[in-house]
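Student: Sharing a structure below in structure tokens format, with a few things to ask.
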Amino acid sequence: MAKDDYYQRLGVARDASPEEIKKAYRTLAMKFHPDRNPGNKDAEQKLKEINEANDVLKDPQKRAAYDRYGHAAFEAGAGAGDGAGYGGFSGFGGASGGFADIFDEMFGDFIHGGGRRGGAEAARRGADLRYNMEVSLEEAFQGAKSSIRVWTSVECDDCHGSGAAGGAAPATCPTCHGHGRVRSQSGFFTVERTCPTCQGAGQVIKDPCRSCGGSGRVKREKTLAVNIPAGVEDGTRIRLAGEGEAGLRGGPPGDLYIFLSIQPHRIFQRDGANIFCRVPIPMCTAALGGTIEVPTIDGSRARINVPNGTQSGHQFRLKGKGMTVLRSNARGDMFVQVNVETPVNLTKRQEELLREFQSECSDDKQSPEAAGFFARVKELWEDLKE
């Protein structure tokens, strides 16, 4: 199924400014946040789609690529993945696909050197791969060890990656004489292109290996161990060097990039290194004061002394009870916002006690905020009469 347009997801025009995109994202993120939609799987999926669109459109380079190439800018090209979509896994560039194809299309065969692989090396190196991985907030806090299964190209065992039957050495390409590229004259310009005979490898196989068809690599599933460091954030990238696709005919392998996304939590919300949560407290506890216990991200409990007269929305700060900071021993803070809960399902006796309490209350003393508000309203009405 084709993806919908990222601009449509956020409800903005294609020429929207970064500020408009940011504002639209925040509005939708609040609308579909798990706290406002408890147990709603559709809202959870909607939030993931909104995050995906925002991740691209907030980045100028990604947005430029998306405007020109659409979703294809972030998908595997032919031959880069050959297994895209398996377990969150897809091609990510390298010898072909993704941004590499875009780069080649923009600059073509007129760039030599200056960071671009030339000749046989470009044709032989395996593609970089991408794996999308979800982790819980607890795993992001304390770190974790996990394993993933990747369906990718690995070195052929029969020819040991050479592509030739019996592991024989390939012969030098007669067209490019081993350079992997050929030149042609066009007016005042000399154009250098990939050799059509050896496809840039600089070598040809006279007797191809039957197992791999001369490519030197075969498809296989492999299991990799992944160490997730404590303090990772949404969008953190982990690089596993040499775990991408095997190179063509013995060339160096590409890398595997693991992109992490943090799952929404049932209780906590994260903002950088800080943790936020909302806790309901009884009206009597807010009025008379007391002690409450709240959970923390490390699995322990924290006690909070609630002073008498605490109002709904008041925020308590617990220093050092937030998230772990990546590559540091420091921790952020935890902020607990209390919501005073109005009692329901009262008995007759409880109603009598509340009416008795109400009759003895002075609005100016027991409810100064409400008294002040209605006093200002009264003044407003009198000014309008004049």
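Chains: A, B, ... in order of the structure tokens. Residues: from 1 per chain. Ligands: from 1, in order shown.
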Counting only C-alpha atoms, what is within 9 Å of Asp207 (chain A), bar same-chain residues fewer than 5 positions away, as a PyMOL selection string?

Tutor: chain A and resi 163-165+168+170+214

Student: Residues of the last selection are to be written out with N, CA, C and O atoms, as a short mmCIF file (atom, residue, chain, number, x, y, z; two decimals), in the first residue's frame.

Tutor:
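New file part.cif:
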data_model
loop_
_atom_site.label_atom_id
_atom_site.label_comp_id
_atom_site.auth_asym_id
_atom_site.auth_seq_id
_atom_site.Cartn_x
_atom_site.Cartn_y
_atom_site.Cartn_z
N GLY A 163 33.45 -15.46 -6.61
CA GLY A 163 32.49 -15.54 -7.70
C GLY A 163 32.85 -16.56 -8.75
O GLY A 163 32.05 -16.88 -9.62
N ALA A 164 34.06 -17.10 -8.68
CA ALA A 164 34.53 -18.07 -9.66
C ALA A 164 34.42 -19.49 -9.09
O ALA A 164 34.62 -19.71 -7.90
N ALA A 165 34.07 -20.45 -9.96
CA ALA A 165 33.93 -21.83 -9.52
C ALA A 165 35.24 -22.35 -8.94
O ALA A 165 36.32 -22.11 -9.50
N ALA A 168 38.56 -20.01 -7.97
CA ALA A 168 39.62 -19.52 -8.86
C ALA A 168 39.60 -18.00 -8.93
O ALA A 168 38.57 -17.36 -8.73
N PRO A 170 39.44 -14.36 -10.47
CA PRO A 170 38.84 -13.76 -11.66
C PRO A 170 39.91 -13.21 -12.59
O PRO A 170 41.03 -12.90 -12.19
N GLY A 214 28.20 -16.21 -9.67
CA GLY A 214 29.32 -15.34 -10.01
C GLY A 214 29.38 -14.06 -9.21
O GLY A 214 30.31 -13.28 -9.36
#

Student: Can you check which parts of region 33-64 of chain A lie within 12 Å of region 233-254 of chain A? Per residue, the shortest pair of atoms and distance in Å to one decimal, counting only C-alpha atoms, sorted by chain and number, as a tab-separated table.

Tutor:
residue	atom	partner	partner_atom	distance
A:Lys48	CA	A:Asp234	CA	11.5
A:Asn51	CA	A:Asp234	CA	9.9
A:Glu52	CA	A:Gly235	CA	10.1
A:Asn54	CA	A:Gly235	CA	11.7
A:Asp55	CA	A:Gly235	CA	8.5
A:Val56	CA	A:Gly235	CA	11.3

Student: Using only C-alpha atoms, which residue out of A:Gly143, A:Ala72, A:Leu256, A:Met283 lies closest to Arg130 (chain A)?

Tutor: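 Of the candidates, the smallest distance to Arg130 (chain A) is held by A:Leu256.
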
Student: List every residue of region 321-363 of chain A that has an atom at most 9 Å from any atom of region 294-297 of chain A, and for each one report the closest atom pair and its distance in Å to one decimal, counting only C-alpha atoms, with rows sorted by chain and then by increasing residue number, as a Markdown table.

Tutor:
| residue | atom | partner | partner_atom | distance |
| --- | --- | --- | --- | --- |
| A:Lys321 | CA | A:Thr296 | CA | 6.8 |
| A:Gly322 | CA | A:Ile297 | CA | 7.0 |
| A:Met323 | CA | A:Ile297 | CA | 7.4 |
| A:Met334 | CA | A:Thr296 | CA | 8.0 |
| A:Val336 | CA | A:Val294 | CA | 8.4 |

Student: What gap, in Å, lies between CA of Gln45 (chain A) and CA of Tyr25 (chain A)?

Tutor: 14.8 Å

Student: Skipping near chain neighbours, those fewer than 3 positions away, what residues fall within 12 Å of Glu20 (chain A) using only C-alpha atoms, listed as a list in words?

Tutor: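 With the cut-off at 12 Å, the set is Tyr7, Leu10, Gly11, Val12, Ala13, Arg14, Asp15, Ala16, Ser17, Lys23, Ala24, Tyr25, Arg26, Thr27, Asn54, Leu57 and Lys58 of chain A.
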
Student: Smallest atom-to-atom distance to Lys219 (chain A): which of A:Phe141, A:Trp151, A:Phe32, A:Phe335, using only C-alpha atoms?

Tutor: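 Ranked by minimum distance to Lys219 (chain A), first place goes to A:Trp151.
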
Student: In Å, with one decimal, what is the gap from CA of Glu19 (chain A) to CA of Asp67 (chain A)?

Tutor: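 Calculated distance between CA of Glu19 (chain A) and CA of Asp67 (chain A) is 17.7 Å.
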
Student: Neighbours of Asp4 (chain A) within 12 Å (only C-alpha atoms; same-chain residues fewer than 4 positions away dropped), as a list in words?

Tutor: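 After dropping sequence-adjacent residues, the list is Gln8, Arg9, Leu10, Gly11, Glu49, Ile50, Glu52, Ala53, Gly70 and His71 of chain A.
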
Student: Out of region 149-311 of chain A, which residues get strand (DSSP E or B) from DSSP, as a PyMOL selection string?

Tutor: chain A and resi 149-155+164+171-172+181-186+189-194+203-204+208+217-228+237-240+256-262+269-271+274-282+290-295+301-306

Student: When you count only C-alpha atoms, which of these residues is closest to Gly309 (chain A): A:Ser136, A:Ala330, A:Ser367, A:Phe373?

Tutor: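 Smallest distance to Gly309 (chain A) is found for A:Ser367.
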
Student: Fewer than 2 positions away in the same chain doesn't count, so skip those; otherwise give me all residues within 12 Å of region 298-305 of chain A, counting only C-alpha atoms, as a PyMOL selection string.

Tutor: chain A and resi 137-143+230+268+275+279+281+285-286+288-296+307-308+310+315-324+331+334-338

Student: With only C-alpha atoms as the basis for distance, which of A:Glu134, A:Glu356, A:Asp59, A:Glu221 is at the shortest distance from Pro264 (chain A)?

Tutor: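 Of A:Glu134, A:Glu356, A:Asp59, A:Glu221, the one nearest Pro264 (chain A) is A:Glu134, counting only C-alpha atoms.
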